[in-house]
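Peer 1: My structure is in target-v1.txt, and what it holds is compact mmCIF, C-alpha atoms:
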```txt
# COMPACT_ATOMS: atom_id res chain seq x y z
CA MET A 1 105.30 -66.37 129.10
CA PHE A 2 103.60 -69.56 127.96
CA ASP A 3 100.67 -70.54 130.18
CA LEU A 4 101.44 -74.11 131.23
CA SER A 5 98.00 -74.54 132.80
CA SER A 6 96.50 -74.65 129.29
CA ILE A 7 97.96 -78.14 128.68
CA GLY A 8 95.98 -79.71 131.52
CA ILE A 9 97.06 -81.72 134.52
CA ALA A 10 97.67 -84.98 132.62
CA TYR A 11 100.12 -83.51 130.13
CA GLY A 12 101.47 -81.20 132.83
CA SER A 13 102.34 -84.25 134.96
CA LEU A 14 104.12 -85.90 132.04
CA LEU A 15 106.01 -82.67 131.24
CA MET A 16 107.04 -82.29 134.89
CA LEU A 17 108.27 -85.89 135.05
CA GLY A 18 110.10 -85.54 131.73
CA MET A 19 111.86 -82.34 132.82
CA LEU A 20 112.92 -83.98 136.08
CA ILE A 21 114.34 -87.05 134.29
CA VAL A 22 116.23 -84.90 131.74
CA LEU A 23 117.77 -82.74 134.46
CA LEU A 24 118.83 -85.80 136.45
CA LEU A 25 120.39 -87.35 133.33
CA THR A 26 122.51 -84.22 132.88
CA GLY A 27 124.06 -84.95 136.27
CA MET A 28 122.22 -82.26 138.23
CA GLN A 29 121.70 -83.10 141.89
CA LEU A 30 118.17 -84.18 142.83
CA ALA A 31 117.73 -81.26 145.24
CA PHE A 32 118.42 -78.65 142.55
CA ALA A 33 116.55 -80.54 139.81
CA THR A 34 113.35 -80.68 141.88
CA GLY A 35 113.75 -77.05 142.92
CA LEU A 36 114.22 -75.87 139.32
CA VAL A 37 111.20 -77.83 138.05
CA ALA A 38 109.14 -76.43 140.93
CA LEU A 39 110.11 -72.87 139.98
CA VAL A 40 109.32 -73.40 136.28
CA PHE A 41 105.86 -74.77 137.00
CA ALA A 42 105.14 -72.25 139.77
CA PHE A 43 105.75 -69.36 137.37
CA GLY A 44 104.37 -71.08 134.28
CA TRP A 45 101.20 -72.45 135.87
CA PHE A 46 100.26 -69.77 138.41
CA GLY A 47 102.62 -66.82 138.17
CA PRO A 48 104.78 -65.13 140.85
CA GLN A 49 101.88 -64.82 143.32
CA VAL A 50 102.17 -68.50 144.26
CA LEU A 51 105.75 -68.27 145.58
CA PRO A 52 104.79 -67.24 149.17
CA LEU A 53 102.62 -70.37 149.48
CA VAL A 54 105.46 -72.60 148.29
CA SER A 55 108.04 -70.95 150.55
CA SER A 56 105.77 -71.29 153.59
CA ARG A 57 105.43 -75.02 152.89
CA MET A 58 109.24 -75.35 152.71
CA TYR A 59 109.66 -73.43 155.96
CA THR A 60 107.14 -75.68 157.72
CA PHE A 61 109.17 -78.75 156.73
CA ILE A 62 112.63 -77.56 157.76
CA GLY A 63 111.33 -75.69 160.83
CA SER A 64 109.84 -78.78 162.44
CA TYR A 65 111.16 -79.39 165.96
CA VAL A 66 111.29 -83.15 165.37
CA PHE A 67 113.64 -82.54 162.44
CA LEU A 68 116.38 -81.79 165.00
CA ALA A 69 116.56 -85.53 165.63
CA VAL A 70 118.08 -86.08 162.17
CA PRO A 71 121.40 -84.23 162.75
CA MET A 72 121.58 -85.66 166.27
CA PHE A 73 121.34 -89.28 165.10
CA VAL A 74 123.76 -88.57 162.25
CA LEU A 75 126.18 -87.06 164.78
CA MET A 76 125.80 -90.22 166.89
CA ALA A 77 126.80 -92.30 163.88
CA ALA A 78 129.74 -90.01 163.10
CA LEU A 79 131.06 -90.18 166.68
CA LEU A 80 130.66 -93.96 166.58
CA ASP A 81 132.58 -94.13 163.29
CA HIS A 82 135.48 -92.09 164.63
CA SER A 83 135.76 -93.97 167.93
CA GLY A 84 136.97 -97.49 168.60
CA ILE A 85 133.68 -98.69 170.13
CA ALA A 86 132.58 -100.66 167.07
CA ARG A 87 136.03 -102.19 166.54
CA ASP A 88 136.27 -103.37 170.15
CA LEU A 89 132.75 -104.77 169.97
CA PHE A 90 133.59 -106.80 166.86
CA ASP A 91 136.92 -108.01 168.24
CA ALA A 92 135.46 -109.07 171.59
CA MET A 93 132.64 -111.03 169.95
CA ASN A 94 135.09 -112.86 167.69
CA GLN A 95 135.51 -115.62 170.28
CA LEU A 96 131.80 -116.42 169.92
CA GLY A 97 132.05 -116.43 166.14
CA ARG A 98 134.63 -119.24 166.20
CA LYS A 99 132.29 -121.73 167.86
CA ILE A 100 130.08 -122.67 164.89
CA ARG A 101 130.34 -123.01 161.13
CA GLY A 102 129.42 -119.65 159.64
CA GLY A 103 129.82 -118.08 163.06
CA VAL A 104 131.94 -115.15 161.93
CA ALA A 105 129.25 -114.16 159.41
CA VAL A 106 126.56 -114.50 162.11
CA GLN A 107 128.72 -112.46 164.46
CA THR A 108 128.99 -109.77 161.78
CA LEU A 109 125.19 -109.60 161.51
CA LEU A 110 124.77 -109.40 165.30
CA VAL A 111 127.28 -106.56 165.50
CA ALA A 112 125.42 -104.88 162.63
CA VAL A 113 122.14 -105.07 164.60
CA ILE A 114 123.76 -103.43 167.65
CA LEU A 115 125.41 -100.70 165.57
CA ALA A 116 122.17 -100.03 163.68
CA SER A 117 120.31 -99.67 166.99
CA MET A 118 122.81 -97.01 168.01
CA SER A 119 122.88 -94.77 164.95
CA GLY A 120 120.20 -95.42 162.29
CA VAL A 121 122.55 -94.41 159.43
CA ILE A 122 123.75 -97.06 156.97
CA GLY A 123 126.85 -95.44 155.48
CA GLY A 124 129.08 -95.60 158.54
CA GLU A 125 127.96 -99.11 159.50
CA THR A 126 128.67 -100.51 156.03
CA VAL A 127 132.12 -98.91 155.95
CA LEU A 128 132.94 -100.14 159.48
CA LEU A 129 131.92 -103.72 158.70
CA GLY A 130 133.77 -103.51 155.39
CA LEU A 131 136.93 -102.63 157.29
CA LEU A 132 136.47 -105.07 160.17
CA ALA A 133 134.47 -108.10 159.04
CA LEU A 134 135.06 -108.50 155.30
CA PRO A 135 138.88 -108.92 155.44
CA GLN A 136 138.57 -111.38 158.31
CA MET A 137 135.99 -113.58 156.54
CA LEU A 138 138.04 -113.57 153.35
CA ARG A 139 141.19 -114.49 155.29
CA LEU A 140 139.42 -117.37 157.04
CA GLY A 141 138.41 -118.84 153.69
CA TYR A 142 134.76 -117.76 153.49
CA HIS A 143 133.26 -117.80 150.01
CA ARG A 144 133.63 -114.32 148.54
CA ARG A 145 129.94 -113.90 147.73
CA LEU A 146 128.84 -114.96 151.20
CA ALA A 147 131.36 -112.66 152.88
CA ILE A 148 130.55 -109.68 150.65
CA GLY A 149 126.78 -110.13 150.83
CA THR A 150 126.72 -110.59 154.60
CA THR A 151 128.86 -107.50 155.18
CA CYS A 152 126.90 -105.23 152.84
CA ALA A 153 123.41 -106.42 153.80
CA GLY A 154 124.25 -106.29 157.51
CA GLY A 155 125.56 -102.76 157.18
CA ALA A 156 122.28 -101.64 155.62
CA LEU A 157 120.13 -102.83 158.54
CA GLY A 158 120.15 -99.29 159.91
CA THR A 159 117.42 -98.55 157.36
CA MET A 160 114.92 -100.62 159.34
CA LEU A 161 116.13 -100.70 162.92
CA PRO A 162 115.13 -97.76 165.14
CA PRO A 163 116.36 -95.05 165.36
CA SER A 164 116.17 -95.19 161.55
CA ILE A 165 116.54 -91.84 159.76
CA VAL A 166 114.21 -93.20 157.05
CA LEU A 167 111.43 -93.62 159.62
CA ILE A 168 112.02 -90.10 160.95
CA ILE A 169 111.73 -88.53 157.49
CA TYR A 170 108.61 -90.60 156.77
CA GLY A 171 107.07 -89.50 160.07
CA LEU A 172 107.73 -85.84 159.25
CA THR A 173 106.33 -86.21 155.74
CA ALA A 174 103.26 -88.26 156.67
CA ASN A 175 102.63 -86.36 159.94
CA VAL A 176 102.50 -89.51 162.08
CA SER A 177 104.13 -90.39 165.40
CA ILE A 178 107.79 -91.29 164.97
CA GLY A 179 107.74 -93.09 168.31
CA ASP A 180 104.95 -95.33 167.02
CA LEU A 181 106.94 -95.94 163.84
CA PHE A 182 109.92 -97.03 165.93
CA LYS A 183 107.73 -99.45 167.88
CA GLY A 184 106.24 -100.87 164.70
CA ALA A 185 109.58 -101.29 162.92
CA PHE A 186 111.42 -103.07 165.72
CA LEU A 187 109.98 -106.57 165.20
CA PRO A 188 110.14 -106.49 161.35
CA ALA A 189 113.77 -105.38 161.56
CA LEU A 190 114.62 -108.30 163.84
CA ILE A 191 112.72 -110.65 161.48
CA LEU A 192 114.84 -109.43 158.55
CA ALA A 193 118.04 -109.90 160.57
CA ALA A 194 116.83 -113.40 161.51
CA PHE A 195 116.26 -114.16 157.81
CA TYR A 196 119.87 -113.20 157.12
CA ILE A 197 121.19 -115.37 159.96
CA ILE A 198 119.09 -118.38 158.93
CA TYR A 199 120.31 -117.97 155.34
CA VAL A 200 123.96 -117.83 156.43
CA LEU A 201 123.60 -120.90 158.66
CA GLY A 202 121.73 -122.74 155.89
CA ILE A 203 124.43 -122.00 153.32
CA ALA A 204 127.09 -123.09 155.80
CA LYS A 205 125.22 -126.36 156.28
CA LEU A 206 124.71 -127.03 152.55
CA HIS A 207 128.17 -125.84 151.51
CA PRO A 208 130.57 -126.30 154.44
CA GLU A 209 133.49 -125.14 152.32
CA TRP A 210 131.83 -121.72 152.00
CA ALA A 211 132.10 -121.05 155.76
CA PRO A 212 134.99 -122.98 157.36
CA ILE A 213 135.34 -123.13 161.14
CA PRO A 214 138.46 -121.13 162.08
CA SER A 215 141.30 -123.27 163.40
CA ASP A 216 143.64 -122.08 166.15
CA LYS A 217 146.37 -121.76 163.56
CA THR A 218 144.41 -119.42 161.31
CA SER A 219 142.96 -117.47 164.21
CA ASP A 220 146.40 -116.73 165.60
CA LYS A 221 147.24 -114.94 162.37
CA THR A 222 144.65 -112.26 163.01
CA PRO A 223 146.71 -109.06 163.10
CA ASP A 224 144.31 -106.78 164.96
CA ASN A 225 142.13 -109.24 166.80
CA ASN A 226 143.25 -109.35 170.41
CA ALA A 227 140.19 -111.36 171.45
CA SER A 228 141.28 -114.37 169.40
CA ASP A 229 144.36 -114.82 171.62
CA LEU A 230 142.33 -115.09 174.79
CA SER A 231 140.80 -118.15 176.37
CA PRO A 232 137.01 -118.21 176.73
CA ASP A 233 137.26 -117.40 180.45
CA GLU A 234 139.60 -114.49 179.77
CA ASN A 235 137.41 -113.26 176.93
CA THR A 236 134.23 -112.99 179.04
CA PRO A 237 135.12 -109.73 180.85
CA ARG A 238 136.44 -108.28 177.58
CA LEU A 239 133.15 -109.10 175.86
CA ALA A 240 131.14 -107.61 178.73
CA LYS A 241 133.23 -104.43 178.65
CA ALA A 242 132.90 -104.08 174.86
CA LEU A 243 129.13 -104.61 175.04
CA LEU A 244 128.62 -102.16 177.93
CA PHE A 245 128.72 -98.85 176.05
CA PRO A 246 126.76 -99.95 172.94
CA ILE A 247 124.01 -101.68 174.93
CA LEU A 248 123.81 -98.78 177.39
CA THR A 249 123.40 -96.32 174.52
CA VAL A 250 120.67 -98.42 172.91
CA VAL A 251 118.82 -98.72 176.21
CA ILE A 252 119.04 -94.97 176.88
CA VAL A 253 117.88 -93.92 173.39
CA LEU A 254 115.20 -96.52 172.61
CA GLY A 255 114.21 -97.07 176.23
CA SER A 256 113.51 -93.37 176.79
CA ILE A 257 111.41 -93.26 173.60
CA TYR A 258 109.39 -96.42 174.21
CA SER A 259 108.77 -95.61 177.86
CA GLY A 260 107.61 -92.09 177.05
CA ILE A 261 110.29 -90.46 179.20
CA ALA A 262 111.73 -88.49 176.27
CA SER A 263 110.63 -87.42 172.81
CA ILE A 264 112.51 -88.47 169.66
CA THR A 265 114.46 -85.21 169.62
CA GLU A 266 115.36 -85.39 173.30
CA ALA A 267 116.36 -89.05 173.01
CA SER A 268 118.63 -88.28 170.07
CA ALA A 269 120.42 -85.64 172.15
CA LEU A 270 120.80 -88.17 174.99
CA GLY A 271 122.33 -90.60 172.50
CA VAL A 272 124.92 -88.03 171.40
CA VAL A 273 125.83 -87.33 175.02
CA GLY A 274 126.07 -91.08 175.70
CA ILE A 275 128.41 -91.76 172.76
CA ALA A 276 130.51 -88.69 173.59
CA LEU A 277 130.86 -89.76 177.25
CA SER A 278 131.75 -93.30 176.14
CA ALA A 279 134.48 -91.94 173.88
CA LEU A 280 135.71 -89.67 176.70
CA ILE A 281 135.92 -92.56 179.17
CA ARG A 282 137.81 -94.58 176.57
CA GLY A 283 140.23 -91.68 176.04
CA GLU A 284 139.24 -91.19 172.39
CA LEU A 285 137.38 -87.87 172.57
CA ASN A 286 139.58 -85.06 171.28
CA PRO A 287 139.15 -81.84 169.26
CA ASN A 288 140.14 -83.49 165.97
CA MET A 289 137.61 -86.30 166.44
CA LEU A 290 134.87 -83.79 167.23
CA LYS A 291 135.81 -81.71 164.19
CA GLN A 292 135.71 -84.70 161.82
CA SER A 293 132.41 -85.90 163.29
CA CYS A 294 130.82 -82.48 162.89
CA ILE A 295 132.02 -82.18 159.29
CA THR A 296 130.55 -85.61 158.48
CA THR A 297 127.26 -84.58 160.11
CA LEU A 298 127.08 -81.29 158.22
CA ARG A 299 127.67 -83.00 154.88
CA SER A 300 125.02 -85.67 155.47
CA CYS A 301 122.41 -83.31 156.89
CA GLY A 302 123.07 -80.68 154.23
CA MET A 303 122.18 -83.25 151.58
CA ILE A 304 119.00 -84.27 153.40
CA ILE A 305 117.87 -80.67 153.97
CA TRP A 306 118.47 -79.55 150.37
CA ILE A 307 116.65 -82.56 148.97
CA GLY A 308 113.84 -81.84 151.41
CA ILE A 309 113.60 -78.21 150.30
CA GLY A 310 113.52 -79.11 146.60
CA ALA A 311 111.10 -82.02 146.96
CA THR A 312 108.78 -80.09 149.29
CA ALA A 313 108.63 -77.21 146.81
CA LEU A 314 107.89 -79.55 143.91
CA VAL A 315 105.17 -81.46 145.77
CA GLY A 316 103.67 -78.17 146.96
CA VAL A 317 103.42 -76.80 143.42
CA TYR A 318 102.08 -80.09 142.10
CA ASN A 319 99.46 -80.16 144.84
CA LEU A 320 98.30 -76.66 143.89
CA MET A 321 98.06 -77.82 140.28
CA GLY A 322 95.66 -80.55 141.33
CA GLY A 323 98.25 -83.22 140.67
CA ILE A 324 97.75 -85.21 143.87
CA ASP A 325 94.06 -85.73 143.08
CA PHE A 326 95.03 -86.70 139.52
CA VAL A 327 97.57 -89.29 140.74
CA ARG A 328 95.09 -90.63 143.27
CA GLU A 329 92.41 -91.15 140.64
CA THR A 330 94.93 -92.71 138.26
CA ILE A 331 96.24 -95.19 140.82
CA LEU A 332 92.75 -96.15 141.96
CA SER A 333 91.62 -96.60 138.34
CA PHE A 334 94.49 -99.00 137.65
CA SER A 335 93.73 -101.03 140.77
CA ASP A 336 89.91 -100.83 140.52
CA SER A 337 89.76 -99.48 144.10
CA ASP A 338 91.05 -102.79 145.48
CA GLY A 339 93.16 -102.00 148.53
CA LEU A 340 95.75 -104.75 148.23
CA THR A 341 96.25 -104.18 144.50
CA THR A 342 96.75 -100.48 145.17
CA ILE A 343 99.36 -101.20 147.85
CA LEU A 344 101.20 -103.61 145.53
CA LEU A 345 101.17 -101.00 142.76
CA MET A 346 102.66 -98.45 145.16
CA MET A 347 105.32 -100.96 146.19
CA ALA A 348 106.25 -101.54 142.54
CA ILE A 349 106.53 -97.79 141.96
CA LEU A 350 108.70 -97.36 145.06
CA LEU A 351 110.96 -100.28 144.05
CA VAL A 352 111.56 -98.73 140.62
CA LEU A 353 112.13 -95.22 142.02
CA GLY A 354 114.45 -96.63 144.68
CA MET A 355 116.75 -98.02 141.98
CA PHE A 356 117.44 -94.53 140.64
CA LEU A 357 116.68 -91.94 143.34
CA ASP A 358 117.95 -91.32 146.84
CA TRP A 359 115.55 -92.56 149.53
CA VAL A 360 115.07 -89.02 150.85
CA GLY A 361 113.82 -87.89 147.46
CA VAL A 362 111.60 -90.96 147.09
CA ALA A 363 110.01 -90.35 150.50
CA LEU A 364 109.45 -86.63 150.06
CA LEU A 365 108.16 -86.94 146.50
CA THR A 366 105.80 -89.88 146.94
CA MET A 367 104.58 -89.99 150.53
CA PRO A 368 102.48 -86.77 150.37
CA ILE A 369 100.63 -88.49 147.50
CA PHE A 370 100.57 -92.09 148.71
CA VAL A 371 99.74 -91.67 152.41
CA PRO A 372 96.32 -90.00 151.89
CA ILE A 373 95.38 -92.81 149.48
CA VAL A 374 96.51 -95.42 152.02
CA VAL A 375 94.42 -93.80 154.76
CA GLU A 376 91.40 -93.53 152.45
CA LEU A 377 91.67 -97.26 151.73
CA GLY A 378 91.51 -97.96 155.46
CA TYR A 379 95.14 -98.89 156.09
CA ASN A 380 97.13 -97.61 159.05
CA PRO A 381 99.82 -95.05 158.05
CA ILE A 382 102.12 -96.47 160.75
CA TRP A 383 101.97 -99.87 159.06
CA PHE A 384 102.52 -98.29 155.65
CA GLY A 385 105.54 -96.38 156.98
CA VAL A 386 107.23 -99.59 158.11
CA VAL A 387 106.37 -101.27 154.81
CA PHE A 388 107.82 -98.26 152.96
CA CYS A 389 110.96 -98.51 155.08
CA MET A 390 111.34 -102.20 154.18
CA ASN A 391 110.91 -101.23 150.53
CA MET A 392 113.70 -98.69 150.86
CA GLN A 393 115.79 -101.42 152.49
CA VAL A 394 115.60 -103.21 149.13
CA SER A 395 116.63 -100.04 147.26
CA PHE A 396 119.78 -99.68 149.38
CA LEU A 397 121.09 -102.94 147.90
CA SER A 398 119.55 -102.89 144.41
CA PRO A 399 121.51 -102.12 141.24
CA PRO A 400 122.34 -99.89 139.51
CA PHE A 401 122.70 -97.27 142.26
CA GLY A 402 122.34 -99.19 145.53
CA PRO A 403 124.23 -96.92 147.97
CA ALA A 404 125.26 -99.74 150.33
CA ALA A 405 127.23 -101.39 147.50
CA PHE A 406 129.09 -98.16 146.77
CA TYR A 407 129.88 -97.67 150.47
CA LEU A 408 131.35 -101.16 150.64
CA LYS A 409 133.27 -100.72 147.39
CA SER A 410 135.02 -97.66 148.86
CA VAL A 411 136.76 -99.84 151.49
CA ALA A 412 136.75 -103.32 149.90
CA PRO A 413 139.91 -104.93 148.46
CA LYS A 414 140.68 -103.67 144.96
CA ASP A 415 140.01 -107.06 143.34
CA ILE A 416 136.33 -106.90 144.43
CA SER A 417 134.35 -105.18 141.67
CA LEU A 418 131.05 -103.38 141.99
CA GLY A 419 129.45 -106.02 139.79
CA GLU A 420 130.61 -108.77 142.16
CA ILE A 421 129.15 -106.88 145.11
CA PHE A 422 125.74 -106.59 143.42
CA ARG A 423 125.80 -110.30 142.45
CA SER A 424 126.61 -111.20 146.05
CA LEU A 425 123.63 -109.16 147.25
CA LEU A 426 121.02 -110.96 145.11
CA PRO A 427 120.11 -113.60 147.76
CA PHE A 428 119.78 -110.88 150.41
CA ILE A 429 117.57 -108.78 148.11
CA GLY A 430 115.38 -111.87 147.74
CA LEU A 431 115.18 -112.16 151.55
CA GLN A 432 114.21 -108.48 151.80
CA ILE A 433 111.42 -108.92 149.25
CA ALA A 434 110.21 -111.98 151.20
CA ALA A 435 110.16 -109.90 154.40
CA LEU A 436 108.31 -107.12 152.55
CA ALA A 437 105.68 -109.62 151.36
CA LEU A 438 105.37 -110.94 154.92
CA LEU A 439 104.62 -107.45 156.28
CA ILE A 440 102.00 -106.83 153.60
CA ALA A 441 100.34 -110.21 154.21
CA PHE A 442 100.45 -109.95 158.02
CA PRO A 443 100.09 -106.31 159.17
CA GLU A 444 99.96 -107.51 162.79
CA LEU A 445 103.75 -108.01 162.61
CA VAL A 446 103.94 -104.19 162.59
CA MET A 447 100.94 -103.39 164.74
CA TRP A 448 101.55 -106.02 167.44
CA TRP A 449 102.06 -103.41 170.14
CA MET A 450 98.71 -101.64 169.64
```
Turn the structure described in the file into structure tokens.

Peer 2:
Amino acid sequence: MFDLSSIGIAYGSLLMLGMLIVLLLTGMQLAFATGLVALVFAFGWFGPQVLPLVSSRMYTFIGSYVFLAVPMFVLMAALLDHSGIARDLFDAMNQLGRKIRGGVAVQTLLVAVILASMSGVIGGETVLLGLLALPQMLRLGYHRRLAIGTTCAGGALGTMLPPSIVLIIYGLTANVSIGDLFKGAFLPALILAAFYIIYVLGIAKLHPEWAPIPSDKTSDKTPDNNASDLSPDENTPRLAKALLFPILTVVIVLGSIYSGIASITEASALGVVGIALSALIRGELNPNMLKQSCITTLRSCGMIIWIGIGATALVGVYNLMGGIDFVRETILSFSDSDGLTTILLMMAILLVLGMFLDWVGVALLTMPIFVPIVVELGYNPIWFGVVFCMNMQVSFLSPPFGPAAFYLKSVAPKDISLGEIFRSLLPFIGLQIAALALLIAFPELVMWWM
């Protein structure tokens, strides 16, 4: 067998990257592509004796107790998707959305914030808002790009808002406190949501025809919106009832984490129990719902685990090759050891990778390399984790493979093309980049609680 170590770490890195790109271009899943490249270089660079070291690294990753929080939060999202909690919440808040110009779009973003605080998974939220909010805004005469962009960007807020799965995976990879990450991400997530709301209200002010105020005549045509037929006084108890279960779940999950009563894993289990009890009280919990929710959870978590196994194996082999030291020296040589330049270079790399790779793969492939450099430069890894999460927020909307756009396309009217969705997202991508720059310029926005 050819001894790959003879080509040196520089050419070995290029060969590894080239093999990975070629395998991905053939359509092979990222998990299997990374695993295959790891095997080739493990045998070709070291021989069979290195396999126990690689397998032990993989076992350490998937055997982490905190990792149990991932399927629990995904199950929370699945139960939420299959219940009527989100629909009732949106319907009850519709009365508030009729008060101001652009109010329905603002209402959509507020509902998105509450849903994101309950689950931390973007797929279900984007689909739910695509089914509930997008048709209503289009029917009321909202400009297509404003309606599409608001729905898709709002649905992706689960990337930033705790309990974000992205933050959990980063915490596992970087070996930092996930509770501290949740505390640090809370304010930046609200800032991003505020940017969206200010943009919507600004557009409504500059272009009133883009966001008409619903008249009684148009509101009465809402087929599934019971709240629109109620007077404000009659709608108040309905709104309070619809808000009760979501707010209670958020308080139980995040409150138990922030107060130190429960760990991330324990809080995630409490969240599942809370959503299940809410569905039971509402009369929606049944064997078929539980079955569908579990199937959704298994599919999502299976993807995350397999990507984690492949990426962990690849990074482990590359580390043994001396690759992490090579990348560190290369990055520092490009940035002349200037901390801010190095961070900006990392952000550029992450933005490019995020356009083509799943966020799980990006996190597991880059964070073992980037985090030690960040710490060496004197930056806090908690701050960098929130900045990374904001970067991934951009990747969820960015062409050509922004997953949020594909989620929305799956439930959007047939006349809405994928290209139109991406064009509608451009202003929101700009707002995300502005929020990212704000976090880099003012780290205290993340570390305010310390």

Peer 1: Compile the contact shell of Ile369 (chain A) as a PyMOL selection string: residues with an atom at most 12 Å away, counting all atoms listed in the file, same-chain residues fewer than 6 positions apart removed.

Peer 2: chain A and resi 173-174+312+315-316+318-319+322-331+346+362-363+375-376

Peer 1: Using only C-alpha atoms, collect all residues at a distance of at most 12 Å from (108.3, -111.9, 156.7) as written in the file, then present them as a list in words.

Peer 2: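 The requested residues, written out, are Leu187, Pro188, Ala189, Leu190, Ile191, Leu192, Ala193, Ala194, Phe195, Tyr196, Val387, Met390, Gly430, Leu431, Gln432, Ile433, Ala434, Ala435, Leu436, Ala437, Leu438, Leu439, Ile440, Ala441, Phe442, Pro443, Glu444, Leu445 and Val446 of chain A.
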
Peer 1: Nearest to Val251 (chain A): which of A:Ser117, A:Ala412, A:Ala156, A:Glu209 is it, counting only C-alpha atoms?

Peer 2: A:Ser117

Peer 1: CA of Ala405 (chain A) to CA of Ile421 (chain A): how many Å, to one decimal?

Peer 2: 6.3 Å

Peer 1: Which residue gives the smallest distance to Ile343 (chain A) among A:Asn391, A:Ile307, A:Ala276, A:Trp359, with all atoms listed in the file counted?

Peer 2: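 Of the candidates, the smallest distance to Ile343 (chain A) is held by A:Asn391.
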
Peer 1: I need the residue nearest Val273 (chain A) from this list: A:Val411, A:Ala185, A:Ala211, A:Ile252. Use only C-alpha atoms for the distance.

Peer 2: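 Counting only C-alpha atoms, the residue closest to Val273 (chain A) is A:Ile252.
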
Peer 1: Please write as a list in words the list of polymer residues whose atoms come within 8 Å of (123.1, -96.5, 163.5), counting only C-alpha atoms and keeping to the coordinates of the file.

Peer 2: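 Those residues, ordered by chain and then number, are Phe73, Met76, Ala77, Leu115, Ala116, Ser117, Met118, Ser119, Gly120, Val121, Ile122, Gly124, Glu125, Gly158, Pro163 and Ser164 of chain A.
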
Peer 1: A:Ile305, A:Leu161, A:Val176, A:Leu79: which is nearest Leu277 (chain A), counting all atoms listed in the file?

Peer 2: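 Ranking A:Ile305, A:Leu161, A:Val176, A:Leu79 by distance to Leu277 (chain A), first place goes to A:Leu79.
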
Peer 1: What is the CA of Leu172 (chain A) to CA of Val374 (chain A) distance in Å?

Peer 2: 16.4 Å

Peer 1: Within 9 Å of Gly149 (chain A), counting all atoms listed in the file, which residues qualify if same-chain residues fewer than 5 places away don't, as a JSON list (two decimals) with C-alpha atoms, in the frame of the given file?

Peer 2:
```json
[["chain", "number", "residue", "atom", "x", "y", "z"],
["A", 144, "ARG", "CA", 133.63, -114.32, 148.54],
["A", 154, "GLY", "CA", 124.25, -106.29, 157.51],
["A", 421, "ILE", "CA", 129.15, -106.88, 145.11],
["A", 422, "PHE", "CA", 125.74, -106.59, 143.42],
["A", 423, "ARG", "CA", 125.80, -110.30, 142.45],
["A", 424, "SER", "CA", 126.61, -111.20, 146.05],
["A", 425, "LEU", "CA", 123.63, -109.16, 147.25],
["A", 426, "LEU", "CA", 121.02, -110.96, 145.11],
["A", 427, "PRO", "CA", 120.11, -113.60, 147.76],
["A", 428, "PHE", "CA", 119.78, -110.88, 150.41]]
```

Peer 1: Could you add N, CA and C atoms to region 258-269 of chain A and give me the result as a PDB file, keeping the file's coordinate frame?

Peer 2:
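Below you can see part_9.pdb, which holds the result:
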```pdb
ATOM      1  N   TYR A 258     110.481 -95.471 174.021  1.00  0.00           N
ATOM      2  CA  TYR A 258     109.390 -96.420 174.210  1.00  0.00           C
ATOM      3  C   TYR A 258     108.665 -96.235 175.535  1.00  0.00           C
ATOM      4  N   SER A 259     109.393 -95.801 176.552  1.00  0.00           N
ATOM      5  CA  SER A 259     108.770 -95.610 177.860  1.00  0.00           C
ATOM      6  C   SER A 259     108.046 -94.275 177.975  1.00  0.00           C
ATOM      7  N   GLY A 260     108.257 -93.394 177.016  1.00  0.00           N
ATOM      8  CA  GLY A 260     107.610 -92.090 177.050  1.00  0.00           C
ATOM      9  C   GLY A 260     108.335 -91.062 177.885  1.00  0.00           C
ATOM     10  N   ILE A 261     109.528 -91.401 178.375  1.00  0.00           N
ATOM     11  CA  ILE A 261     110.290 -90.460 179.200  1.00  0.00           C
ATOM     12  C   ILE A 261     110.772 -89.268 178.367  1.00  0.00           C
ATOM     13  N   ALA A 262     111.183 -89.546 177.126  1.00  0.00           N
ATOM     14  CA  ALA A 262     111.730 -88.490 176.270  1.00  0.00           C
ATOM     15  C   ALA A 262     111.118 -88.591 174.882  1.00  0.00           C
ATOM     16  N   SER A 263     111.068 -87.441 174.199  1.00  0.00           N
ATOM     17  CA  SER A 263     110.630 -87.420 172.810  1.00  0.00           C
ATOM     18  C   SER A 263     111.766 -87.902 171.914  1.00  0.00           C
ATOM     19  N   ILE A 264     111.475 -88.040 170.614  1.00  0.00           N
ATOM     20  CA  ILE A 264     112.510 -88.470 169.660  1.00  0.00           C
ATOM     21  C   ILE A 264     113.684 -87.509 169.674  1.00  0.00           C
ATOM     22  N   THR A 265     113.388 -86.219 169.653  1.00  0.00           N
ATOM     23  CA  THR A 265     114.460 -85.210 169.620  1.00  0.00           C
ATOM     24  C   THR A 265     115.294 -85.259 170.886  1.00  0.00           C
ATOM     25  N   GLU A 266     114.634 -85.341 172.027  1.00  0.00           N
ATOM     26  CA  GLU A 266     115.360 -85.390 173.300  1.00  0.00           C
ATOM     27  C   GLU A 266     116.187 -86.666 173.415  1.00  0.00           C
ATOM     28  N   ALA A 267     115.629 -87.790 172.960  1.00  0.00           N
ATOM     29  CA  ALA A 267     116.360 -89.050 173.010  1.00  0.00           C
ATOM     30  C   ALA A 267     117.592 -89.027 172.114  1.00  0.00           C
ATOM     31  N   SER A 268     117.478 -88.372 170.964  1.00  0.00           N
ATOM     32  CA  SER A 268     118.630 -88.280 170.070  1.00  0.00           C
ATOM     33  C   SER A 268     119.768 -87.484 170.704  1.00  0.00           C
ATOM     34  N   ALA A 269     119.396 -86.422 171.445  1.00  0.00           N
ATOM     35  CA  ALA A 269     120.420 -85.640 172.150  1.00  0.00           C
ATOM     36  C   ALA A 269     121.061 -86.472 173.258  1.00  0.00           C
TER      37      ALA A 269
END
```
